[in-house]
file data-v2.cif (mmCIF, C-alpha atoms)
data_work
loop_
_atom_site.label_atom_id
_atom_site.label_comp_id
_atom_site.auth_asym_id
_atom_site.auth_seq_id
_atom_site.Cartn_x
_atom_site.Cartn_y
_atom_site.Cartn_z
CA MET T 430 93.21 132.21 107.99
CA LYS T 431 89.68 131.10 108.83
CA ASN T 432 88.50 127.73 110.09
CA ASN T 433 84.99 126.39 109.53
CA ARG T 434 83.88 123.92 112.21
CA LEU T 435 80.76 122.16 113.43
CA VAL T 436 80.00 122.49 117.14
CA LEU T 437 77.33 120.75 119.18
CA ALA T 438 74.19 122.88 119.46
CA ALA T 439 71.76 120.35 120.97
CA ARG T 440 71.80 116.74 122.12
CA PRO T 441 70.15 114.38 119.62
CA LYS T 442 66.83 112.82 120.61
CA ASN T 443 66.83 109.94 118.13
CA ARG T 444 68.59 110.30 114.80
CA VAL T 445 71.13 113.09 114.55
CA ASN T 446 69.71 116.26 112.98
CA ILE T 447 71.56 119.02 111.19
CA SER T 448 70.00 121.36 113.76
CA ASP T 449 71.96 119.53 116.50
CA PHE T 450 75.04 121.31 115.17
CA LYS T 451 76.07 124.85 114.41
CA MET T 452 78.56 125.90 111.75
CA GLU T 453 81.10 128.40 113.09
CA THR T 454 83.84 130.34 111.31
CA VAL T 455 86.73 131.29 113.58
CA GLU T 456 90.23 132.69 113.24
CA ILE T 457 93.08 130.16 113.30
CA PRO T 458 95.38 131.28 116.13
CA PRO T 459 99.13 131.72 115.59
CA LEU T 460 101.11 128.58 116.31
CA GLN T 461 102.90 128.26 119.63
CA GLU T 462 106.12 126.29 120.07
CA GLY T 463 105.40 122.57 120.05
CA THR T 464 102.25 122.81 117.88
CA PHE T 465 101.44 122.26 114.21
CA LEU T 466 98.56 123.05 111.85
CA ILE T 467 96.73 120.36 109.87
CA LYS T 468 94.57 120.97 106.82
CA VAL T 469 91.94 118.21 106.98
CA HIS T 470 91.29 116.21 103.81
CA TYR T 471 88.86 113.52 105.00
CA LEU T 472 86.79 112.89 108.13
CA SER T 473 85.44 109.56 109.31
CA VAL T 474 82.12 108.73 110.94
CA ALA T 475 81.35 105.85 113.30
CA PRO T 476 78.25 104.87 115.29
CA VAL T 477 80.01 105.64 118.59
CA MET T 478 79.94 109.36 117.69
CA LYS T 479 76.28 109.60 118.60
CA PHE T 480 77.18 108.63 122.14
CA TYR T 481 79.93 111.23 122.42
CA MET T 482 77.03 113.69 122.41
CA LEU T 483 74.91 111.76 124.92
CA ASP T 484 77.16 110.20 127.56
CA GLY T 485 80.72 110.12 126.23
CA ALA T 486 80.24 106.50 125.07
CA GLY T 487 81.88 105.33 128.29
CA ILE T 488 85.35 106.16 126.90
CA GLU T 489 85.43 109.98 126.79
CA ASN T 490 84.00 112.94 128.65
CA ILE T 491 80.57 113.92 127.41
CA LEU T 492 80.76 116.48 124.59
CA GLU T 493 79.61 119.85 125.90
CA ILE T 494 77.30 122.22 124.05
CA GLY T 495 79.48 124.55 121.97
CA GLU T 496 82.38 122.09 121.66
CA VAL T 497 83.71 120.98 118.28
CA MET T 498 82.26 117.59 117.42
CA ARG T 499 84.81 114.82 117.92
CA GLY T 500 85.98 112.52 115.18
CA ARG T 501 89.03 111.13 113.42
CA GLY T 502 90.42 112.67 110.28
CA VAL T 503 93.38 112.60 107.94
CA GLY T 504 95.15 115.66 106.61
CA GLU T 505 98.37 117.41 105.74
CA VAL T 506 100.65 119.40 108.03
CA ILE T 507 100.83 122.87 106.42
CA GLU T 508 102.67 124.74 109.19
CA SER T 509 104.72 123.44 112.10
CA LYS T 510 106.60 124.49 115.20
CA HIS T 511 106.85 120.88 116.40
CA SER T 512 110.10 118.95 116.01
CA ASP T 513 108.40 115.63 115.19
CA PHE T 514 105.91 116.86 112.59
CA LYS T 515 107.12 118.55 109.40
CA VAL T 516 105.32 120.51 106.72
CA GLY T 517 104.07 118.01 104.15
CA ASP T 518 103.60 115.13 106.61
CA ILE T 519 100.30 113.30 106.19
CA VAL T 520 98.78 112.48 109.58
CA GLN T 521 95.63 110.92 110.96
CA GLY T 522 94.13 111.34 114.40
CA LYS T 523 91.50 113.20 116.39
CA CYS T 524 90.85 116.18 114.14
CA GLY T 525 87.23 116.93 115.03
CA TRP T 526 84.59 118.11 112.58
CA GLN T 527 86.51 121.07 111.16
CA GLU T 528 88.62 122.14 108.19
CA TYR T 529 91.79 122.86 110.16
CA VAL T 530 93.10 121.68 113.51
CA VAL T 531 95.95 122.97 115.67
CA CYS T 532 97.60 120.01 117.40
CA ASP T 533 100.33 119.71 120.03
CA GLY T 534 101.09 116.05 119.37
CA SER T 535 99.97 114.96 122.84
CA PRO T 536 98.56 111.43 123.35
CA TYR T 537 94.99 112.79 123.41
CA TYR T 538 95.11 113.48 119.67
CA MET T 539 96.44 110.00 118.83
CA MET T 540 98.24 111.41 115.79
CA TYR T 541 100.00 108.96 113.51
CA LYS T 542 102.06 109.67 110.43
CA VAL T 543 100.57 108.02 107.37
CA GLN T 544 102.94 106.00 105.24
CA GLN T 545 103.02 107.15 101.62
CA ARG T 546 101.96 103.98 99.78
CA GLY T 547 100.52 105.41 96.56
CA LEU T 548 96.96 105.13 97.88
CA SER T 549 94.36 107.80 98.62
CA TYR T 550 94.72 109.54 101.98
CA SER T 551 91.21 108.28 102.70
CA THR T 552 92.56 104.77 103.29
CA ALA T 553 94.20 106.05 106.49
CA LEU T 554 90.68 106.23 107.96
CA GLY T 555 89.44 103.01 106.37
CA ILE T 556 91.30 99.89 105.38
CA LEU T 557 94.68 101.19 106.64
CA GLY T 558 93.26 102.97 109.69
CA MET T 559 91.16 102.21 112.76
CA THR T 560 88.42 100.58 110.70
CA GLY T 561 90.83 98.20 109.01
CA PHE T 562 92.68 97.53 112.25
CA THR T 563 89.35 96.68 113.90
CA SER T 564 88.69 94.10 111.19
CA TYR T 565 92.23 92.72 111.34
CA PHE T 566 92.65 92.33 115.10
CA GLY T 567 89.00 91.49 115.71
CA LEU T 568 89.11 88.56 113.30
CA TYR T 569 92.68 87.35 113.71
CA ASP T 570 93.30 87.96 117.43
CA VAL T 571 89.90 87.99 119.15
CA GLY T 572 88.33 85.60 116.66
CA GLU T 573 91.43 83.36 116.64
CA LEU T 574 90.80 82.63 112.96
CA LYS T 575 92.19 79.39 111.59
CA GLY T 576 92.36 77.98 108.08
CA GLY T 577 89.18 76.08 107.25
CA ASP T 578 86.99 78.05 109.69
CA ALA T 579 83.39 78.80 108.76
CA VAL T 580 82.81 82.53 109.43
CA LEU T 581 79.58 84.54 109.63
CA VAL T 582 79.69 88.35 109.56
CA SER T 583 76.81 90.75 110.23
CA ALA T 584 76.69 94.22 108.65
CA ALA T 585 79.14 92.74 106.16
CA ALA T 586 78.90 95.70 103.75
CA GLY T 587 79.76 98.25 106.45
CA GLY T 588 83.15 99.79 107.17
CA VAL T 589 84.47 96.90 109.28
CA GLY T 590 82.48 94.13 107.64
CA SER T 591 83.57 95.01 104.11
CA ASN T 592 87.13 93.94 104.97
CA LEU T 593 86.36 90.68 106.74
CA GLY T 594 85.48 88.43 103.81
CA GLN T 595 88.87 89.01 102.19
CA LEU T 596 90.78 88.80 105.48
CA ALA T 597 89.14 85.43 106.12
CA LYS T 598 89.88 84.23 102.59
CA ILE T 599 93.56 85.22 102.86
CA LYS T 600 93.91 82.85 105.83
CA GLY T 601 92.06 80.01 104.13
CA ALA T 602 88.71 80.46 105.86
CA ARG T 603 85.24 80.76 104.27
CA ALA T 604 83.02 83.74 105.15
CA ILE T 605 79.31 84.36 104.63
CA GLY T 606 78.07 87.94 104.97
CA LEU T 607 74.75 89.41 106.10
CA ALA T 608 73.59 92.61 104.39
CA SER T 609 70.39 94.62 104.00
CA THR T 610 69.97 94.89 100.20
CA ASP T 611 70.52 92.77 97.09
CA GLU T 612 72.98 95.41 95.85
CA LYS T 613 75.11 95.00 98.96
CA CYS T 614 74.88 91.21 98.82
CA LYS T 615 76.11 91.25 95.22
CA LEU T 616 79.05 93.46 96.20
CA LEU T 617 80.03 91.05 99.00
CA THR T 618 80.45 88.10 96.66
CA GLU T 619 81.73 89.89 93.54
CA LYS T 620 84.29 92.22 95.11
CA LEU T 621 84.72 91.73 98.85
CA GLY T 622 85.75 88.08 99.11
CA TYR T 623 82.62 86.54 100.64
CA HIS T 624 81.76 82.99 99.63
CA ALA T 625 78.04 83.82 99.77
CA SER T 626 75.64 86.37 101.26
CA ILE T 627 72.32 86.54 103.06
CA ASN T 628 69.84 89.40 102.66
CA TYR T 629 68.50 89.63 106.20
CA THR T 630 65.57 91.86 105.18
CA THR T 631 64.09 89.44 102.62
CA GLU T 632 65.40 85.98 103.53
CA ASP T 633 64.85 83.61 106.45
CA VAL T 634 68.14 84.24 108.24
CA SER T 635 67.98 81.15 110.45
CA ALA T 636 67.23 78.84 107.53
CA ARG T 637 69.95 80.37 105.33
CA ILE T 638 72.54 80.04 108.10
CA ASP T 639 71.60 76.36 108.42
CA TYR T 640 72.10 75.99 104.66
CA TYR T 641 75.54 77.60 104.58
CA PHE T 642 76.72 76.24 107.95
CA PRO T 643 75.39 72.67 108.22
CA ASP T 644 78.07 71.87 110.82
CA GLY T 645 77.76 75.19 112.67
CA ILE T 646 79.65 78.49 112.84
CA ASP T 647 83.31 78.62 113.94
CA VAL T 648 83.56 82.43 114.11
CA TYR T 649 80.71 84.91 114.32
CA PHE T 650 81.79 88.53 113.92
CA ASP T 651 78.96 90.62 115.34
CA ASN T 652 78.38 94.22 114.31
CA VAL T 653 74.61 94.26 114.83
CA GLY T 654 73.50 92.73 118.15
CA ALA T 655 69.91 91.93 119.16
CA LYS T 656 67.97 89.34 117.10
CA VAL T 657 70.72 88.58 114.58
CA LEU T 658 73.19 87.88 117.38
CA ASP T 659 70.61 85.67 119.10
CA ILE T 660 70.11 83.60 115.95
CA ALA T 661 73.87 83.22 115.42
CA LEU T 662 74.37 82.02 119.01
CA SER T 663 71.97 79.16 118.32
CA LYS T 664 74.15 78.02 115.41
CA LEU T 665 77.55 77.86 117.11
CA ARG T 666 79.89 74.97 116.59
CA ARG T 667 81.85 73.51 119.51
CA TYR T 668 84.70 75.83 120.54
CA ALA T 669 83.32 78.66 118.40
CA ARG T 670 84.39 82.28 118.91
CA VAL T 671 81.98 85.21 118.95
CA VAL T 672 83.58 88.61 118.33
CA CYS T 673 81.54 91.42 119.87
CA CYS T 674 82.48 94.44 117.76
CA GLY T 675 79.27 96.48 117.58
CA ARG T 676 75.49 96.42 118.01
CA ILE T 677 74.25 99.07 115.65
CA SER T 678 70.69 97.69 115.59
CA GLN T 679 70.38 98.70 119.25
CA TYR T 680 71.95 102.16 119.13
CA ASP T 681 68.87 104.14 118.12
CA ASP T 682 66.07 101.58 118.14
CA VAL T 683 64.08 101.76 121.37
CA GLN T 684 62.51 98.37 120.72
CA ASN T 685 65.91 96.67 120.40
CA SER T 686 67.92 98.77 122.87
CA ASP T 687 67.36 96.35 125.77
CA TYR T 688 67.03 93.16 123.76
CA ASN T 689 67.33 90.07 125.97
CA LEU T 690 69.28 87.22 124.40
CA THR T 691 67.55 83.86 124.66
CA ASN T 692 70.41 81.74 123.29
CA TRP T 693 73.22 83.03 125.50
CA HIS T 694 73.47 79.59 127.13
CA LYS T 695 74.71 78.16 123.81
CA VAL T 696 78.06 79.81 124.49
CA GLY T 697 78.63 77.63 127.54
CA ALA T 698 77.01 74.55 126.05
CA ASN T 699 79.42 74.65 123.11
CA CYS T 700 82.53 75.59 125.14
CA ALA T 701 82.58 78.73 122.99
CA LYS T 702 84.06 82.17 123.65
CA MET T 703 82.23 85.49 123.40
CA GLN T 704 84.53 88.50 123.70
CA GLY T 705 84.55 92.22 123.09
CA PHE T 706 87.65 94.36 122.51
CA PHE T 707 88.94 97.93 122.49
CA ILE T 708 90.92 98.63 119.34
CA TYR T 709 93.35 101.05 121.01
CA ASP T 710 94.64 98.18 123.17
CA TYR T 711 96.39 97.07 119.97
CA GLU T 712 98.01 100.46 119.33
CA ARG T 713 101.58 99.15 119.41
CA GLN T 714 100.69 96.60 116.73
CA PHE T 715 99.06 99.08 114.31
CA PRO T 716 102.21 99.46 112.15
CA LYS T 717 102.38 95.67 111.68
CA ALA T 718 98.75 95.49 110.54
CA GLU T 719 99.13 98.51 108.26
CA LYS T 720 102.23 97.10 106.59
CA GLU T 721 100.70 93.67 106.08
CA MET T 722 97.38 94.93 104.69
CA ALA T 723 99.12 97.46 102.42
CA GLN T 724 101.14 94.60 100.96
CA TRP T 725 97.97 92.56 100.39
CA ILE T 726 96.42 95.52 98.57
CA LYS T 727 99.54 95.78 96.38
CA GLU T 728 99.34 92.04 95.63
CA GLY T 729 95.65 92.27 94.71
CA LYS T 730 94.55 90.08 97.62
CA LEU T 731 92.73 92.88 99.44
CA SER T 732 90.49 95.56 97.97
CA PHE T 733 88.49 98.17 99.85
CA GLN T 734 85.13 99.88 99.58
CA GLU T 735 84.61 103.55 100.48
CA ASP T 736 81.41 105.61 100.51
CA ILE T 737 82.36 109.30 100.28
CA LEU T 738 80.23 112.42 100.64
CA GLU T 739 81.65 115.91 100.13
CA GLY T 740 81.54 118.98 102.34
CA LEU T 741 81.88 119.56 106.08
CA GLU T 742 78.18 120.45 106.27
CA ASN T 743 77.35 116.84 105.32
CA MET T 744 78.96 115.27 108.40
CA PRO T 745 75.58 114.81 110.19
CA VAL T 746 74.13 113.29 107.00
CA ALA T 747 77.06 110.86 106.78
CA LEU T 748 76.63 109.81 110.41
CA ASN T 749 72.93 109.12 109.89
CA ARG T 750 73.68 106.99 106.84
CA LEU T 751 75.20 104.38 109.18
CA PHE T 752 71.97 104.02 111.13
CA GLU T 753 69.86 104.14 107.96
CA ARG T 754 71.93 101.28 106.45
CA LYS T 755 72.71 103.42 103.40
CA ASN T 756 76.49 103.28 103.48
CA ILE T 757 78.33 100.73 101.38
CA GLY T 758 81.79 100.26 102.83
CA LYS T 759 83.60 102.81 104.96
CA GLN T 760 81.62 106.06 105.29
CA LEU T 761 83.78 109.15 104.85
CA VAL T 762 83.39 112.84 104.07
CA LYS T 763 85.85 114.69 101.85
CA ILE T 764 86.59 118.07 103.41
CA SER T 765 89.21 119.49 101.03
#

call {"tool": "encode", "arguments": {"input": "data-v2.cif", "output": "structure tokens"}}
result
Amino acid sequence: MKNNRLVLAARPKNRVNISDFKMETVEIPPLQEGTFLIKVHYLSVAPVMKFYMLDGAGIENILEIGEVMRGRGVGEVIESKHSDFKVGDIVQGKCGWQEYVVCDGSPYYMMYKVQQRGLSYSTALGILGMTGFTSYFGLYDVGELKGGDAVLVSAAAGGVGSNLGQLAKIKGARAIGLASTDEKCKLLTEKLGYHASINYTTEDVSARIDYYFPDGIDVYFDNVGAKVLDIALSKLRRYARVVCCGRISQYDDVQNSDYNLTNWHKVGANCAKMQGFFIYDYERQFPKAEKEMAQWIKEGKLSFQEDILEGLENMPVALNRLFERKNIGKQLVKIS
């Protein structure tokens, strides 16, 4: 059997280019005892992947030239010599940008068996995977969400943001979402549980926040950083919580990369909290979140939005869509 895979050919300068990768076709080696073979169905993209290629993102070793690009995927076990993983098991974990992956089940791969819940396997990378868990624990644990809270979310139509309006609503809170187009803003209010939306490219963000939050913001879930974060800090209510999840506006924008916040002092003045988090610190609680969100989907309380391209060769295109603000919901690529 042959395996097609994308390996790093050059380090990106700004946006990721197709030429930064090389498509290779290699033989799949025979399985050794304690290993199993996964046929990949879907691969996920996330902004952090760009930094795997540059500096390891501070959480992994830097990706070397010629190495398979890192990334999470979901697929089916089609051959196994591992006692814990059987043929037919659906698993998600670190698959890399390739059609097949040989795995030994070690902690590095972070392989989890996917519960068969009558949903697409893709949900194991979105609403019922790391993206959904990021929304769930970021809002409920870090954000300490309470019923009646007024919540503001940036990049609300992205993978993480597209879940937050409904998660807030389920707990009796009211969420307003920031998005970059009228199409996305309409989606937020019509499908994704947001009370209202703000188009940050055409509207006065500060004035619209004042309109929707006359008494201030209780929870700000930040996926953007820079100017939008600075504006939100100036609108905090006493004892507010700021969840630092991402700062995509600063990842490939030289002008914003070293943005200096001017309203940071509002955190102290309002006895507020501003906290980041690492989703894998919640690993032992993943099954609880998956079970609860799956039940909400079944009950019609939680829907999900996926943006799916097709073909391994389109992985660099999918990654760029995040920085180009083109994705609506969780960005995925269907491999097989």

call {"tool": "resolve_selection", "arguments": {"input": "data-v2.cif", "expression": "the PyMOL selection byres ((chain T and resi 694) around 12)", "output": "list of chain:residue names"}}
result
T:Asp659, T:Leu662, T:Ser663, T:Lys664, T:Leu665, T:Leu690, T:Thr691, T:Asn692, T:Trp693, T:Lys695, T:Val696, T:Gly697, T:Ala698, T:Asn699, T:Cys700, T:Ala701, T:Lys702, T:Met703

call {"tool": "closest_atom_pairs", "arguments": {"input": "data-v2.cif", "of": "region 433-482 of chain T", "to": "region 518-534 of chain T", "cutoff": "8 Å", "atoms": "only C-alpha atoms", "output": "Markdown table"}}
result
| residue | atom | partner | partner_atom | distance |
| --- | --- | --- | --- | --- |
| T:Asn433 | CA | T:Glu528 | CA | 5.7 |
| T:Arg434 | CA | T:Gln527 | CA | 4.0 |
| T:Leu435 | CA | T:Trp526 | CA | 5.6 |
| T:Val436 | CA | T:Trp526 | CA | 7.8 |
| T:Leu460 | CA | T:Val531 | CA | 7.6 |
| T:Gly463 | CA | T:Asp533 | CA | 5.8 |
| T:Thr464 | CA | T:Asp533 | CA | 4.2 |
| T:Phe465 | CA | T:Cys532 | CA | 5.5 |
| T:Leu466 | CA | T:Val531 | CA | 4.6 |
| T:Ile467 | CA | T:Val530 | CA | 5.3 |
| T:Lys468 | CA | T:Tyr529 | CA | 4.7 |
| T:Val469 | CA | T:Glu528 | CA | 5.3 |
| T:His470 | CA | T:Glu528 | CA | 7.8 |
| T:Leu472 | CA | T:Trp526 | CA | 7.2 |

call {"tool": "write_last_selection", "arguments": {"input": "data-v2.cif", "atoms": "C-alpha atoms", "output": "PDB file, in the coordinates of the input"}}
result
ATOM      1  CA  ASN T 433      84.990 126.390 109.530  1.00  0.00           C
ATOM      2  CA  ARG T 434      83.880 123.920 112.210  1.00  0.00           C
ATOM      3  CA  LEU T 435      80.760 122.160 113.430  1.00  0.00           C
ATOM      4  CA  VAL T 436      80.000 122.490 117.140  1.00  0.00           C
ATOM      5  CA  LEU T 460     101.110 128.580 116.310  1.00  0.00           C
ATOM      6  CA  GLY T 463     105.400 122.570 120.050  1.00  0.00           C
ATOM      7  CA  THR T 464     102.250 122.810 117.880  1.00  0.00           C
ATOM      8  CA  PHE T 465     101.440 122.260 114.210  1.00  0.00           C
ATOM      9  CA  LEU T 466      98.560 123.050 111.850  1.00  0.00           C
ATOM     10  CA  ILE T 467      96.730 120.360 109.870  1.00  0.00           C
ATOM     11  CA  LYS T 468      94.570 120.970 106.820  1.00  0.00           C
ATOM     12  CA  VAL T 469      91.940 118.210 106.980  1.00  0.00           C
ATOM     13  CA  HIS T 470      91.290 116.210 103.810  1.00  0.00           C
ATOM     14  CA  LEU T 472      86.790 112.890 108.130  1.00  0.00           C
TER      15      LEU T 472
END

call {"tool": "residues_around", "arguments": {"input": "data-v2.cif", "residues": "Ile605 (chain T)", "least_positions_apart": "5", "cutoff": "6 Å", "atoms": "all atoms listed in the file", "output": "list in words"}}
result
Leu581, Tyr623, His624, Ala625 and Ser626 of chain T

call {"tool": "closest_residue", "arguments": {"input": "data-v2.cif", "among": "T:Tyr641, T:Tyr541, T:Trp725, T:Phe566", "to": "Leu554 (chain T)", "atoms": "all atoms listed in the file"}}
result
T:Tyr541

call {"tool": "closest_atom_pairs", "arguments": {"input": "data-v2.cif", "of": "region 534-605 of chain T", "to": "region 728-744 of chain T", "cutoff": "12 Å", "atoms": "all atoms listed in the file", "output": "Markdown table"}}
result
| residue | atom | partner | partner_atom | distance |
| --- | --- | --- | --- | --- |
| T:Leu548 | CA | T:Phe733 | CA | 11.1 |
| T:Ser549 | CA | T:Glu735 | CA | 10.8 |
| T:Tyr550 | CA | T:Glu735 | CA | 11.8 |
| T:Ser551 | CA | T:Glu735 | CA | 8.4 |
| T:Thr552 | CA | T:Phe733 | CA | 8.5 |
| T:Ala553 | CA | T:Glu735 | CA | 11.6 |
| T:Leu554 | CA | T:Glu735 | CA | 10.0 |
| T:Gly555 | CA | T:Glu735 | CA | 7.6 |
| T:Ile556 | CA | T:Phe733 | CA | 6.4 |
| T:Leu557 | CA | T:Phe733 | CA | 9.7 |
| T:Gly558 | CA | T:Phe733 | CA | 11.9 |
| T:Thr560 | CA | T:Phe733 | CA | 11.1 |
| T:Gly561 | CA | T:Phe733 | CA | 9.5 |
| T:Tyr565 | CA | T:Leu731 | CA | 11.9 |
| T:Ala585 | CA | T:Gln734 | CA | 11.4 |
| T:Ala586 | CA | T:Gln734 | CA | 8.6 |
| T:Gly587 | CA | T:Gln734 | CA | 8.9 |
| T:Gly588 | CA | T:Glu735 | CA | 7.8 |
| T:Val589 | CA | T:Gln734 | CA | 10.2 |
| T:Gly590 | CA | T:Gln734 | CA | 10.2 |
| T:Ser591 | CA | T:Gln734 | CA | 6.8 |
| T:Asn592 | CA | T:Phe733 | CA | 6.8 |
| T:Leu593 | CA | T:Leu731 | CA | 9.9 |
| T:Gly594 | CA | T:Leu731 | CA | 9.6 |
| T:Gln595 | CA | T:Leu731 | CA | 6.1 |
| T:Leu596 | CA | T:Leu731 | CA | 7.5 |
| T:Ala597 | CA | T:Leu731 | CA | 10.6 |
| T:Lys598 | CA | T:Lys730 | CA | 9.0 |
| T:Ile599 | CA | T:Lys730 | CA | 7.2 |
| T:Lys600 | CA | T:Lys730 | CA | 11.0 |

call {"tool": "residues_near_point", "arguments": {"input": "data-v2.cif", "point": "(76.4, 86.0, 114.6)", "cutoff": "9 Å", "atoms": "all atoms listed in the file", "output": "number ranges by chain"}}
result
T: 580-583, 646, 648-654, 657-665, 671-672

call {"tool": "closest_residue", "arguments": {"input": "data-v2.cif", "among": "T:Val516, T:Phe706, T:Ile757, T:Ser564", "to": "Asp611 (chain T)", "atoms": "all atoms listed in the file"}}
result
T:Ile757

call {"tool": "resolve_selection", "arguments": {"input": "data-v2.cif", "expression": "the PyMOL selection byres ((chain T and resi 711) around 12)", "output": "MDAnalysis selection string"}}
result
chainID T and resid 559 562:563 565:567 570:571 706:710 712:718

call {"tool": "atom_distance", "arguments": {"input": "data-v2.cif", "atom1": "CA of Glu573 (chain T)", "atom2": "CA of Gly601 (chain T)"}}
result
13.0 Å

call {"tool": "residues_around", "arguments": {"input": "data-v2.cif", "residues": "Ile677 (chain T)", "least_positions_apart": "5", "cutoff": "12 Å", "atoms": "all atoms listed in the file", "output": "VMD selection string"}}
result
chain T and resid 475 to 480 583 to 584 587 651 to 658 682 to 683 685 to 686 749 to 754

call {"tool": "atom_distance", "arguments": {"input": "data-v2.cif", "atom1": "CA of Cys614 (chain T)", "atom2": "CA of Lys727 (chain T)"}}
result
25.2 Å

call {"tool": "resolve_selection", "arguments": {"input": "data-v2.cif", "expression": "the PyMOL selection byres ((chain T and resi 438) around 7)", "output": "PyMOL selection string"}}
result
chain T and resi 436-437+439+449-451+494-495

call {"tool": "write_last_selection", "arguments": {"input": "data-v2.cif", "atoms": "C-alpha atoms", "output": "short mmCIF file (atom, residue, chain, number, x, y, z; two decimals), in the coordinates of the input"}}
result
data_model
loop_
_atom_site.label_atom_id
_atom_site.label_comp_id
_atom_site.auth_asym_id
_atom_site.auth_seq_id
_atom_site.Cartn_x
_atom_site.Cartn_y
_atom_site.Cartn_z
CA VAL T 436 80.00 122.49 117.14
CA LEU T 437 77.33 120.75 119.18
CA ALA T 439 71.76 120.35 120.97
CA ASP T 449 71.96 119.53 116.50
CA PHE T 450 75.04 121.31 115.17
CA LYS T 451 76.07 124.85 114.41
CA ILE T 494 77.30 122.22 124.05
CA GLY T 495 79.48 124.55 121.97
#

call {"tool": "atom_distance", "arguments": {"input": "data-v2.cif", "atom1": "CA of Gln760 (chain T)", "atom2": "CA of Val474 (chain T)"}}
result
6.3 Å

call {"tool": "closest_residue", "arguments": {"input": "data-v2.cif", "among": "T:Ala723, T:Val746, T:Ala636, T:Val497", "to": "Val543 (chain T)", "atoms": "all atoms listed in the file"}}
result
T:Ala723

call {"tool": "closest_residue", "arguments": {"input": "data-v2.cif", "among": "T:Ile726, T:Ala602, T:Arg501, T:Ile488", "to": "Ser473 (chain T)", "atoms": "all atoms listed in the file"}}
result
T:Arg501

call {"tool": "closest_residue", "arguments": {"input": "data-v2.cif", "among": "T:Lys431, T:Arg546, T:Lys575, T:Lys759", "to": "Ala747 (chain T)", "atoms": "all atoms listed in the file"}}
result
T:Lys759

call {"tool": "closest_residue", "arguments": {"input": "data-v2.cif", "among": "T:Pro745, T:Gly675, T:Gly758, T:Gly577", "to": "Ser448 (chain T)", "atoms": "all atoms listed in the file"}}
result
T:Pro745
